[in-house]
>>> print(open('coords38.csv').read())   # CSV, C-alpha atoms and all ligand atoms
chain,number,residue,atom,x,y,z
A,1168,MET,CA,152.0,-152.9,121.2
A,1169,THR,CA,154.5,-152.2,124.0
A,1170,PRO,CA,153.9,-153.3,127.6
A,1171,SER,CA,153.4,-149.7,128.7
A,1172,ASP,CA,150.5,-149.5,126.3
A,1173,SER,CA,148.9,-152.6,127.7
A,1174,VAL,CA,149.1,-151.4,131.2
A,1175,LEU,CA,146.4,-149.0,130.1
A,1176,LEU,CA,144.1,-151.9,129.1
A,1177,SER,CA,141.2,-152.7,131.4
A,1178,SER,CA,142.8,-154.1,134.5
A,1179,ALA,CA,140.8,-155.3,137.5
A,1180,ARG,CA,141.9,-154.0,140.9
A,1181,SER,CA,141.3,-157.0,143.1
A,1182,PHE,CA,140.1,-160.6,143.2
A,1183,VAL,CA,137.0,-159.7,145.2
A,1184,ASP,CA,135.9,-157.1,142.7
A,1185,VAL,CA,135.5,-159.8,140.1
A,1186,GLY,CA,133.9,-162.4,142.4
A,1187,LEU,CA,137.0,-164.5,143.0
A,1188,THR,CA,137.3,-166.1,146.4
A,1189,ARG,CA,140.6,-167.0,148.1
A,1190,ASP,CA,140.1,-170.6,147.0
A,1191,ASP,CA,139.6,-169.5,143.4
A,1192,ALA,CA,142.6,-167.2,143.4
A,1193,LEU,CA,144.9,-169.9,144.8
A,1194,LYS,CA,143.6,-172.4,142.3
A,1195,ILE,CA,144.2,-170.0,139.4
A,1196,TYR,CA,147.8,-169.4,140.7
A,1197,TYR,CA,148.3,-173.1,141.1
A,1198,TYR,CA,147.3,-173.9,137.5
A,1199,MET,CA,149.4,-171.0,136.1
A,1200,ARG,CA,152.5,-172.1,138.1
A,1201,LEU,CA,151.9,-175.7,137.2
A,1202,ALA,CA,151.8,-174.8,133.5
A,1203,ARG,CA,155.0,-172.7,133.8
A,1204,GLU,CA,156.9,-175.5,135.6
A,1205,ILE,CA,155.7,-178.1,133.1
A,1206,ASP,CA,156.9,-175.9,130.3
A,1207,ASN,CA,160.3,-175.3,132.1
A,1208,ARG,CA,160.7,-179.1,132.6
A,1209,SER,CA,159.6,-179.8,129.1
A,1210,ILE,CA,162.2,-177.4,127.7
A,1211,ALA,CA,164.9,-179.3,129.5
A,1212,LEU,CA,163.6,-182.6,128.3
A,1213,TYR,CA,163.4,-181.4,124.7
A,1214,ARG,CA,167.0,-180.3,124.9
A,1215,GLN,CA,167.9,-183.8,126.2
A,1216,GLY,CA,166.2,-185.3,123.2
A,1217,ARG,CA,163.6,-187.0,125.5
A,1218,LEU,CA,160.5,-185.6,123.7
A,1219,SER,CA,159.2,-186.5,120.3
A,1220,GLY,CA,158.3,-183.7,117.8
A,1221,ALA,CA,158.3,-180.0,118.4
A,1222,LEU,CA,157.7,-178.3,121.7
A,1223,TYR,CA,155.4,-175.2,121.8
A,1224,THR,CA,155.3,-173.5,125.2
A,1225,GLY,CA,152.9,-171.1,126.7
A,1226,VAL,CA,155.4,-169.1,128.7
A,1227,GLY,CA,153.9,-165.6,129.1
A,1228,ASN,CA,150.4,-166.9,128.3
A,1229,GLU,CA,149.5,-168.5,131.6
A,1230,ALA,CA,147.1,-165.8,132.9
A,1231,THR,CA,145.2,-165.8,129.6
A,1232,ALA,CA,144.9,-169.6,129.3
A,1233,VAL,CA,144.1,-170.4,132.9
A,1234,ALA,CA,141.8,-167.5,133.8
A,1235,SER,CA,139.7,-167.8,130.7
A,1236,ALA,CA,139.2,-171.5,131.1
A,1237,TYR,CA,138.5,-170.9,134.8
A,1238,ALA,CA,135.5,-168.8,133.9
A,1239,LEU,CA,133.8,-171.9,132.3
A,1240,GLU,CA,131.8,-174.5,134.2
A,1241,ASP,CA,131.9,-178.2,134.1
A,1242,GLY,CA,130.0,-179.3,131.0
A,1243,ASP,CA,131.1,-176.3,128.9
A,1244,ALA,CA,133.1,-177.1,125.8
A,1245,ILE,CA,136.6,-175.9,125.2
A,1246,CYS,CA,139.1,-176.1,122.4
A,1247,PRO,CA,142.5,-174.9,123.6
A,1248,MET,CA,145.3,-174.1,121.2
A,1249,HIS,CA,149.1,-174.8,121.3
A,1250,ARG,CA,149.8,-172.0,123.9
A,1251,ASP,CA,147.0,-173.2,126.2
A,1252,LEU,CA,148.6,-175.8,128.5
A,1253,GLY,CA,147.1,-173.8,131.3
A,1254,ALA,CA,143.5,-174.3,130.0
A,1255,GLN,CA,144.1,-178.0,129.5
A,1256,LEU,CA,145.2,-178.3,133.2
A,1257,VAL,CA,142.1,-176.3,134.4
A,1258,ARG,CA,140.0,-178.8,132.5
A,1259,GLY,CA,141.6,-181.8,134.2
A,1260,THR,CA,144.3,-182.9,131.8
A,1261,SER,CA,147.0,-184.4,134.0
A,1262,PRO,CA,150.7,-183.5,133.9
A,1263,GLN,CA,151.3,-187.2,133.2
A,1264,GLU,CA,149.2,-187.1,130.1
A,1265,VAL,CA,150.9,-183.9,128.9
A,1266,PHE,CA,154.4,-185.5,129.3
A,1267,ALA,CA,153.2,-188.8,127.8
A,1268,ASN,CA,151.8,-187.1,124.8
A,1269,TYR,CA,155.0,-185.1,124.3
A,1270,MET,CA,156.8,-188.4,124.3
A,1271,GLY,CA,154.4,-190.2,121.9
A,1272,LYS,CA,153.3,-192.7,124.5
A,1273,ALA,CA,150.4,-195.1,123.9
A,1274,ASP,CA,148.2,-194.3,126.9
A,1275,THR,CA,147.2,-190.8,125.7
A,1276,SER,CA,144.2,-189.5,123.8
A,1277,SER,CA,146.2,-189.4,120.6
A,1278,ARG,CA,147.6,-192.9,121.3
A,1279,GLY,CA,151.1,-191.7,120.4
A,1280,LYS,CA,150.1,-190.5,116.9
A,1281,ASP,CA,150.3,-186.8,117.6
A,1282,SER,CA,152.5,-185.0,120.2
A,1283,SER,CA,152.4,-181.4,121.3
A,1284,LEU,CA,149.1,-180.4,123.0
A,1285,HIS,CA,146.9,-182.5,120.8
A,1286,ILE,CA,145.0,-183.7,123.8
A,1287,GLY,CA,141.3,-184.1,124.0
A,1288,SER,CA,138.7,-185.8,126.2
A,1289,VAL,CA,135.0,-186.4,125.4
A,1290,GLU,CA,134.2,-186.8,129.1
A,1291,ARG,CA,135.9,-183.5,130.0
A,1292,ARG,CA,134.5,-181.8,126.9
A,1293,VAL,CA,138.0,-180.8,125.7
A,1294,PHE,CA,138.5,-180.8,121.9
A,1295,SER,CA,142.0,-181.5,120.8
A,1296,LEU,CA,143.7,-178.6,119.0
A,1297,ILE,CA,143.7,-178.5,115.2
A,1298,SER,CA,147.1,-177.6,113.7
A,1299,HIS,CA,145.5,-175.8,110.7
A,1300,LEU,CA,145.4,-172.3,112.0
A,1301,GLY,CA,141.9,-170.9,112.6
A,1302,SER,CA,140.1,-174.2,112.0
A,1303,MET,CA,139.2,-174.5,115.7
A,1304,ILE,CA,136.8,-171.6,115.3
A,1305,PRO,CA,134.2,-173.3,113.0
A,1306,LEU,CA,134.5,-176.5,115.0
A,1307,THR,CA,133.8,-174.8,118.3
A,1308,VAL,CA,131.1,-172.7,116.8
A,1309,GLY,CA,129.6,-176.1,115.8
A,1310,ALA,CA,129.6,-177.2,119.4
A,1311,ALA,CA,127.9,-173.9,120.3
A,1312,LEU,CA,125.3,-174.6,117.7
A,1313,ALA,CA,124.7,-178.0,119.1
A,1314,SER,CA,124.2,-176.5,122.5
A,1315,GLN,CA,121.6,-174.1,121.2
A,1316,LEU,CA,119.8,-176.7,119.1
A,1317,THR,CA,119.6,-179.2,121.9
A,1318,ASP,CA,118.8,-176.6,124.7
A,1319,ARG,CA,121.7,-178.0,126.7
A,1320,ASN,CA,122.8,-174.5,127.6
A,1321,TYR,CA,126.5,-175.1,127.7
A,1322,VAL,CA,129.0,-172.5,126.5
A,1323,ALA,CA,131.8,-173.2,123.9
A,1324,MET,CA,135.1,-171.4,124.1
A,1325,THR,CA,138.1,-171.5,121.8
A,1326,TYR,CA,141.3,-169.5,121.1
A,1327,VAL,CA,143.1,-168.1,118.2
A,1328,GLY,CA,146.5,-166.4,117.7
A,1329,ASP,CA,147.0,-162.9,116.3
A,1330,GLY,CA,148.3,-164.7,113.1
A,1331,ALA,CA,145.3,-166.9,112.7
A,1332,THR,CA,142.9,-163.9,112.8
A,1333,SER,CA,144.0,-163.4,109.1
A,1334,ILE,CA,142.5,-166.8,108.1
A,1335,GLY,CA,139.1,-167.2,106.4
A,1336,ASP,CA,137.8,-169.5,109.1
A,1337,PHE,CA,138.0,-166.6,111.6
A,1338,HIS,CA,135.5,-164.6,109.6
A,1339,GLU,CA,133.3,-167.5,108.6
A,1340,GLY,CA,133.1,-169.0,112.1
A,1341,LEU,CA,132.7,-165.7,114.0
A,1342,ASN,CA,130.1,-164.4,111.6
A,1343,PHE,CA,128.0,-167.5,111.9
A,1344,ALA,CA,128.2,-167.5,115.7
A,1345,ALA,CA,127.2,-163.8,115.7
A,1346,VAL,CA,124.2,-164.2,113.3
A,1347,ARG,CA,122.9,-167.2,115.2
A,1348,ARG,CA,123.5,-165.7,118.6
A,1349,LEU,CA,125.4,-168.8,119.7
A,1350,PRO,CA,126.8,-169.4,123.1
A,1351,PHE,CA,130.4,-168.9,121.9
A,1352,VAL,CA,133.4,-167.1,123.3
A,1353,LEU,CA,136.5,-166.5,121.2
A,1354,ILE,CA,139.7,-165.5,122.9
A,1355,ILE,CA,142.3,-163.9,120.6
A,1356,GLU,CA,145.7,-164.4,122.1
A,1357,ASN,CA,147.6,-161.4,120.7
A,1358,ASN,CA,151.2,-162.4,121.6
A,1359,GLN,CA,152.9,-159.9,119.2
A,1360,TYR,CA,154.2,-162.5,116.8
A,1361,ALA,CA,153.0,-165.3,114.4
A,1362,TYR,CA,156.1,-167.3,114.1
A,1363,SER,CA,158.5,-164.5,112.8
A,1364,THR,CA,155.7,-162.1,111.6
A,1365,PRO,CA,155.1,-159.1,114.0
A,1366,THR,CA,151.6,-157.8,114.4
A,1367,SER,CA,152.6,-154.7,112.4
A,1368,LEU,CA,152.7,-157.0,109.3
A,1369,GLN,CA,149.7,-159.0,110.3
A,1370,PHE,CA,146.8,-156.5,110.7
A,1371,ALA,CA,146.2,-152.8,110.0
A,1372,CYS,CA,143.5,-152.1,112.5
A,1373,GLU,CA,144.4,-150.6,115.9
A,1374,LYS,CA,143.0,-153.4,118.0
A,1375,LEU,CA,141.9,-156.9,117.0
A,1376,SER,CA,139.0,-156.6,119.5
A,1377,SER,CA,137.5,-153.8,117.5
A,1378,ARG,CA,136.7,-156.3,114.7
A,1379,ALA,CA,133.9,-157.5,116.9
A,1380,LYS,CA,131.9,-154.4,116.0
A,1381,GLY,CA,131.8,-155.6,112.4
A,1382,TYR,CA,130.2,-158.8,113.5
A,1383,GLY,CA,127.7,-157.1,115.8
A,1384,ILE,CA,129.0,-158.7,119.0
A,1385,PRO,CA,130.8,-157.3,122.0
A,1386,GLY,CA,134.6,-157.1,121.8
A,1387,GLU,CA,137.0,-156.3,124.6
A,1388,GLN,CA,140.7,-155.9,124.8
A,1389,VAL,CA,142.4,-156.9,128.1
A,1390,ASP,CA,145.9,-157.1,129.5
A,1391,GLY,CA,146.6,-160.8,129.0
A,1392,THR,CA,149.2,-160.9,131.7
A,1393,ASP,CA,146.6,-159.9,134.3
A,1394,ALA,CA,144.7,-163.0,135.4
A,1395,VAL,CA,142.1,-161.0,137.2
A,1396,ALA,CA,141.3,-158.9,134.2
A,1397,VAL,CA,141.2,-161.9,131.9
A,1398,TYR,CA,138.9,-163.8,134.3
A,1399,ALA,CA,136.6,-160.7,134.6
A,1400,ALA,CA,136.3,-160.4,130.8
A,1401,ALA,CA,135.9,-164.1,130.2
A,1402,ARG,CA,133.2,-164.4,133.0
A,1403,ARG,CA,131.2,-161.6,131.4
A,1404,ALA,CA,131.3,-163.3,128.0
A,1405,VAL,CA,130.5,-166.7,129.4
A,1406,GLN,CA,127.5,-165.3,131.4
A,1407,ARG,CA,126.3,-163.5,128.3
A,1408,ALA,CA,126.5,-166.7,126.3
A,1409,ARG,CA,124.7,-168.7,128.9
A,1410,ALA,CA,122.0,-166.2,129.1
A,1411,GLY,CA,121.2,-166.6,125.4
A,1412,GLU,CA,122.6,-163.2,124.4
A,1413,GLY,CA,125.1,-164.6,121.9
A,1414,ALA,CA,128.8,-164.6,121.1
A,1415,SER,CA,131.7,-162.4,122.4
A,1416,LEU,CA,135.3,-161.7,121.4
A,1417,ILE,CA,138.1,-161.0,123.9
A,1418,GLU,CA,141.6,-160.0,122.8
A,1419,THR,CA,144.2,-160.7,125.4
A,1420,VAL,CA,147.4,-158.8,124.9
A,1421,THR,CA,150.5,-160.8,125.8
A,1422,MET,CA,154.0,-161.6,124.6
A,1423,ARG,CA,155.3,-164.9,123.3
A,1424,MET,CA,158.3,-165.1,125.7
A,1425,ARG,CA,160.0,-167.9,123.8
A,1426,GLY,CA,160.5,-168.9,120.2
A,1427,HIS,CA,157.6,-170.1,118.1
A,1428,SER,CA,158.7,-173.6,119.2
A,1429,GLU,CA,161.8,-174.6,121.0
A,1430,HIS,CA,163.8,-175.1,117.8
A,1431,ASP,CA,163.4,-171.3,117.1
A,1432,LYS,CA,165.8,-168.9,118.8
A,1433,ALA,CA,163.6,-166.0,117.8
A,1434,GLU,CA,166.5,-163.7,117.0
A,1435,TYR,CA,164.0,-161.6,115.1
A,1436,VAL,CA,162.4,-160.4,118.4
A,1437,PRO,CA,164.1,-157.3,119.8
A,1438,PRO,CA,165.6,-158.2,123.2
A,1439,GLU,CA,164.3,-154.9,124.7
A,1440,LEU,CA,160.8,-156.1,123.9
A,1441,LEU,CA,161.3,-159.3,125.8
A,1442,GLU,CA,162.9,-157.5,128.7
A,1443,ALA,CA,160.0,-155.0,129.0
A,1444,TRP,CA,157.4,-157.8,128.9
A,1445,ALA,CA,159.4,-159.8,131.5
A,1446,LYS,CA,158.6,-157.1,134.0
A,1447,LYS,CA,154.9,-158.0,133.5
A,1448,ASP,CA,155.4,-161.7,134.0
A,1449,PRO,CA,151.9,-163.1,134.7
A,1450,ILE,CA,153.1,-165.5,137.4
A,1451,HIS,CA,154.9,-162.7,139.3
A,1452,ARG,CA,151.9,-160.4,139.0
A,1453,MET,CA,149.6,-163.1,140.5
A,1454,GLU,CA,152.1,-163.7,143.3
A,1455,THR,CA,152.3,-160.0,144.1
A,1456,LEU,CA,148.5,-159.7,144.2
A,1457,LEU,CA,148.1,-162.8,146.4
A,1458,THR,CA,150.7,-161.3,148.8
A,1459,GLU,CA,149.2,-157.8,148.8
A,1460,THR,CA,145.7,-159.3,149.4
A,1461,GLY,CA,147.1,-161.3,152.3
A,1462,TRP,CA,145.7,-164.5,150.9
A,1463,TRP,CA,148.8,-166.7,151.5
A,1464,SER,CA,151.6,-166.9,153.9
A,1465,GLY,CA,155.2,-167.7,153.0
A,1466,GLU,CA,154.8,-171.3,154.3
A,1467,GLU,CA,151.6,-171.8,152.2
A,1468,ARG,CA,153.4,-170.5,149.1
A,1469,THR,CA,156.4,-172.8,149.7
A,1470,ALA,CA,154.0,-175.8,150.3
A,1471,MET,CA,152.3,-175.1,147.0
A,1472,GLU,CA,155.6,-174.9,145.1
A,1473,ASN,CA,156.8,-178.1,146.7
A,1474,ARG,CA,153.5,-179.8,145.8
A,1475,ILE,CA,153.8,-178.6,142.1
A,1476,PHE,CA,157.4,-179.9,141.8
A,1477,GLN,CA,156.6,-183.2,143.4
A,1478,GLU,CA,153.6,-183.6,141.1
A,1479,ILE,CA,155.8,-182.9,138.1
A,1480,ASP,CA,158.5,-185.4,139.2
A,1481,GLU,CA,155.9,-188.1,139.7
A,1482,ALA,CA,154.1,-187.4,136.4
A,1483,LEU,CA,157.4,-187.5,134.5
A,1484,VAL,CA,158.4,-190.8,136.0
A,1485,ALA,CA,155.0,-192.3,135.2
A,1486,ALA,CA,155.0,-190.9,131.7
A,1487,GLU,CA,158.5,-192.2,131.0
A,1488,ASN,CA,157.6,-195.7,132.4
A,1489,SER,CA,154.4,-195.9,130.3
A,1490,PRO,CA,154.6,-198.0,127.1
A,1491,MET,CA,155.2,-196.8,123.5
A,1492,PRO,CA,152.4,-197.7,121.0
A,1493,ALA,CA,152.7,-201.2,119.5
A,1494,PRO,CA,154.0,-201.0,115.9
A,1495,GLU,CA,150.9,-202.8,114.6
A,1496,LYS,CA,148.7,-200.0,115.9
A,1497,ALA,CA,150.3,-197.5,113.5
A,1498,LEU,CA,147.3,-197.7,111.2
A,1499,THR,CA,144.5,-198.0,113.7
A,1500,ASP,CA,142.4,-194.9,114.5
A,1501,VAL,CA,143.7,-193.2,111.3
A,1502,TYR,CA,140.7,-193.7,109.1
A,1503,ALA,CA,137.1,-194.3,110.0
A,1504,ASP,CA,136.1,-198.0,109.8
A,1601,LIG,C1,146.7,-172.6,107.9
A,1601,LIG,C2,148.1,-172.7,108.5
A,1601,LIG,N1,149.1,-172.0,108.0
A,1601,LIG,C3,150.3,-172.0,108.6
A,1601,LIG,C4,150.6,-172.9,109.6
A,1601,LIG,C5,152.0,-173.0,110.3
A,1601,LIG,N2,151.9,-172.3,111.5
A,1601,LIG,C6,151.7,-172.9,112.7
A,1601,LIG,S1,151.6,-171.9,114.0
A,1601,LIG,C7,152.0,-170.6,113.1
A,1601,LIG,C8,152.0,-169.2,113.7
A,1601,LIG,C9,150.8,-168.9,114.4
A,1601,LIG,O1,150.8,-167.6,114.9
A,1601,LIG,P1,149.6,-167.1,115.9
A,1601,LIG,O2,148.3,-167.4,115.2
A,1601,LIG,O3,149.9,-165.7,116.2
A,1601,LIG,O4,149.8,-168.0,117.2
A,1601,LIG,P2,151.0,-168.1,118.1
A,1601,LIG,O5,151.8,-169.3,117.7
A,1601,LIG,O6,151.8,-166.8,118.1
A,1601,LIG,O7,150.5,-168.3,119.5
A,1601,LIG,C10,152.1,-170.9,111.7
A,1601,LIG,C11,152.4,-170.0,110.6
A,1601,LIG,C12,149.5,-173.7,110.1
A,1601,LIG,N3,149.6,-174.5,111.1
A,1601,LIG,N4,148.3,-173.5,109.5
A,1602,MG,MG,150.8,-165.0,117.8
>>> encode(input="coords38.csv", output="structure tokens")
Amino acid sequence: MTPSDSVLLSSARSFVDVGLTRDDALKIYYYMRLAREIDNRSIALYRQGRLSGALYTGVGNEATAVASAYALEDGDAICPMHRDLGAQLVRGTSPQEVFANYMGKADTSSRGKDSSLHIGSVERRVFSLISHLGSMIPLTVGAALASQLTDRNYVAMTYVGDGATSIGDFHEGLNFAAVRRLPFVLIIENNQYAYSTPTSLQFACEKLSSRAKGYGIPGEQVDGTDAVAVYAAARRAVQRARAGEGASLIETVTMRMRGHSEHDKAEYVPPELLEAWAKKDPIHRMETLLTETGWWSGEERTAMENRIFQEIDEALVAAENSPMPAPEKALTDVYAD
């Protein structure tokens, strides 16, 4: 799919049309920009050898990750994947925890045993990502089943890449959620590539969202660089789930703007494709809409940028100063007692 195709996707006109207040819009922008700047800083740190393990960024995916998570309420469950730093931030994961986890530090939810975005919190109802592609779907469907069985009425949302839609867990999890009418929302992040495999070699259907029909649930394809459109679709799905009407599938069409991870130069991606998608940068689109709506002044924008850079500087110092795990902890929390 080219960016010009995706412009034709359902695109909301304004914040107000989808029920977003000025405060909401500024928060969504804040989380998107914070995610982008954490990614930018992390890329520099990775190149300096200051992070442990691989670095997967969500550059280009900020509207999808932030606006979908923003449609949830406190108490809902979420399982973000490796492109969803923005969703982690919306759910209260701090920049310090992100940097500390990237550095393998002790005071993180993985206690230094796993880097990347393997960050979870029982209190914040965030399940840590599972590396095995697609496995987050049955897990999150299980959380949705628990919601239904206990009448707790929370919604469970997770994410899957275009590549992982070819995995058996996708079918098994989604079918179960559909049959049991569970309060479950699946976001497919179609970012054109699964490592080096383009979507033309991944699936033969026209749209991944049309697979929903086969499961008997609603499916919607939206422009994943348009935060307002993503929010509107996610909100509809979340409301439907909370009302007891069952599961939904949303395909957000985006572009992976960097390599699979930072070791990958992605020379297999045509440069023209990246150039075309760069014109639809989700952060710039949000900035334009905020300006056109008259919802921020130049000073407010600068103040927010300064706040973000300061937060990142402070988080980085705190993460770097936090301790590494003690060697004798290497085998704790690995197996159940
Ligand atoms: C079952 C399984 N097979 C292979 C891998 C290795 N792997 C990790 S991410 C990835 C590509 C995933 O592509 P996609 O689902 O489109 O997500 P994206 O990285 O593009 O966001 C692969 C092949 C894995 N983690 N799990
Ligand atoms: Mg992909």
>>> closest_residue(input="coords38.csv", among="A:Arg1258, A:Arg1292, A:His1427, A:Lys1447", to="ligand LIG 1601 (chain A)", atoms="all atoms listed in the file")
A:His1427
>>> residues_around(input="coords38.csv", residues="A:Leu1368", least_positions_apart="5", cutoff="10 Å", atoms="only C-alpha atoms", output="JSON list (two decimals) with C-alpha atoms, keeping the file's coordinate frame")
[["chain", "number", "residue", "atom", "x", "y", "z"],
["A", 1330, "GLY", "CA", 148.30, -164.70, 113.10],
["A", 1360, "TYR", "CA", 154.20, -162.50, 116.80],
["A", 1361, "ALA", "CA", 153.00, -165.30, 114.40]]
>>> residues_near_ligand(input="coords38.csv", ligand="ligand LIG 1601 (chain A)", cutoff="8 Å", atoms="all atoms listed in the file", output="number ranges by chain")
A: 1248-1250, 1298-1302, 1327-1332, 1334, 1356-1362, 1423, 1427
>>> residues_around(input="coords38.csv", residues="stretch 1204-1208 of chain A", least_positions_apart="5", cutoff="9 Å", atoms="only C-alpha atoms", output="PyMOL selection string")
chain A and resi 1199+1213+1222-1226+1252+1262+1265-1266+1475-1476+1479
>>> write_last_selection(input="coords38.csv", atoms="C-alpha atoms", output="tab-separated table (two decimals), keeping the file's coordinate frame")
chain	number	residue	atom	x	y	z
A	1199	MET	CA	149.40	-171.00	136.10
A	1213	TYR	CA	163.40	-181.40	124.70
A	1222	LEU	CA	157.70	-178.30	121.70
A	1223	TYR	CA	155.40	-175.20	121.80
A	1224	THR	CA	155.30	-173.50	125.20
A	1225	GLY	CA	152.90	-171.10	126.70
A	1226	VAL	CA	155.40	-169.10	128.70
A	1252	LEU	CA	148.60	-175.80	128.50
A	1262	PRO	CA	150.70	-183.50	133.90
A	1265	VAL	CA	150.90	-183.90	128.90
A	1266	PHE	CA	154.40	-185.50	129.30
A	1475	ILE	CA	153.80	-178.60	142.10
A	1476	PHE	CA	157.40	-179.90	141.80
A	1479	ILE	CA	155.80	-182.90	138.10
>>> atom_distance(input="coords38.csv", atom1="atom CA of A:Leu1341", atom2="atom CA of A:Ser1288")
24.3 Å
>>> residues_around(input="coords38.csv", residues="stretch 1237-1240 of chain A", least_positions_apart="2", cutoff="10 Å", atoms="only C-alpha atoms", output="ChimeraX atom specification")
/A:1191,1194-1195,1198,1231-1235,1242-1245,1253-1254,1257-1258,1321-1324,1397-1406
>>> closest_residue(input="coords38.csv", among="A:Ser1428, A:Gln1388, A:Ser1219, A:Ser1314", to="ligand MG 1602 (chain A)", atoms="all atoms listed in the file")
A:Ser1428
>>> atom_distance(input="coords38.csv", atom1="atom CA of A:Ser1276", atom2="atom CA of A:Ala1344")
28.4 Å
>>> closest_residue(input="coords38.csv", among="A:Glu1412, A:Ser1333, A:Glu1434, A:Glu1459", to="A:Ala1371", atoms="only C-alpha atoms")
A:Ser1333
>>> atom_distance(input="coords38.csv", atom1="atom CA of A:Thr1392", atom2="atom CA of A:Leu1375")
16.9 Å
>>> residues_around(input="coords38.csv", residues="A:Arg1452", least_positions_apart="6", cutoff="12 Å", atoms="only C-alpha atoms", output="list in words")
Ser1178, Ser1181, Tyr1196, Met1199, Arg1200, Gly1227, Glu1229, Ala1230, Asp1390, Gly1391, Thr1392, Asp1393, Ala1394, Val1395, Ala1396, Trp1444, Ala1445, Lys1446, Thr1458 and Glu1459 of chain A
>>> closest_residue(input="coords38.csv", among="A:Glu1487, A:Asp1318, A:Glu1290, A:Asp1190", to="A:Trp1462", atoms="all atoms listed in the file")
A:Asp1190
>>> closest_residue(input="coords38.csv", among="A:Glu1467, A:Glu1472, A:Glu1418, A:Asp1500", to="ligand MG 1602 (chain A)", atoms="all atoms listed in the file")
A:Glu1418
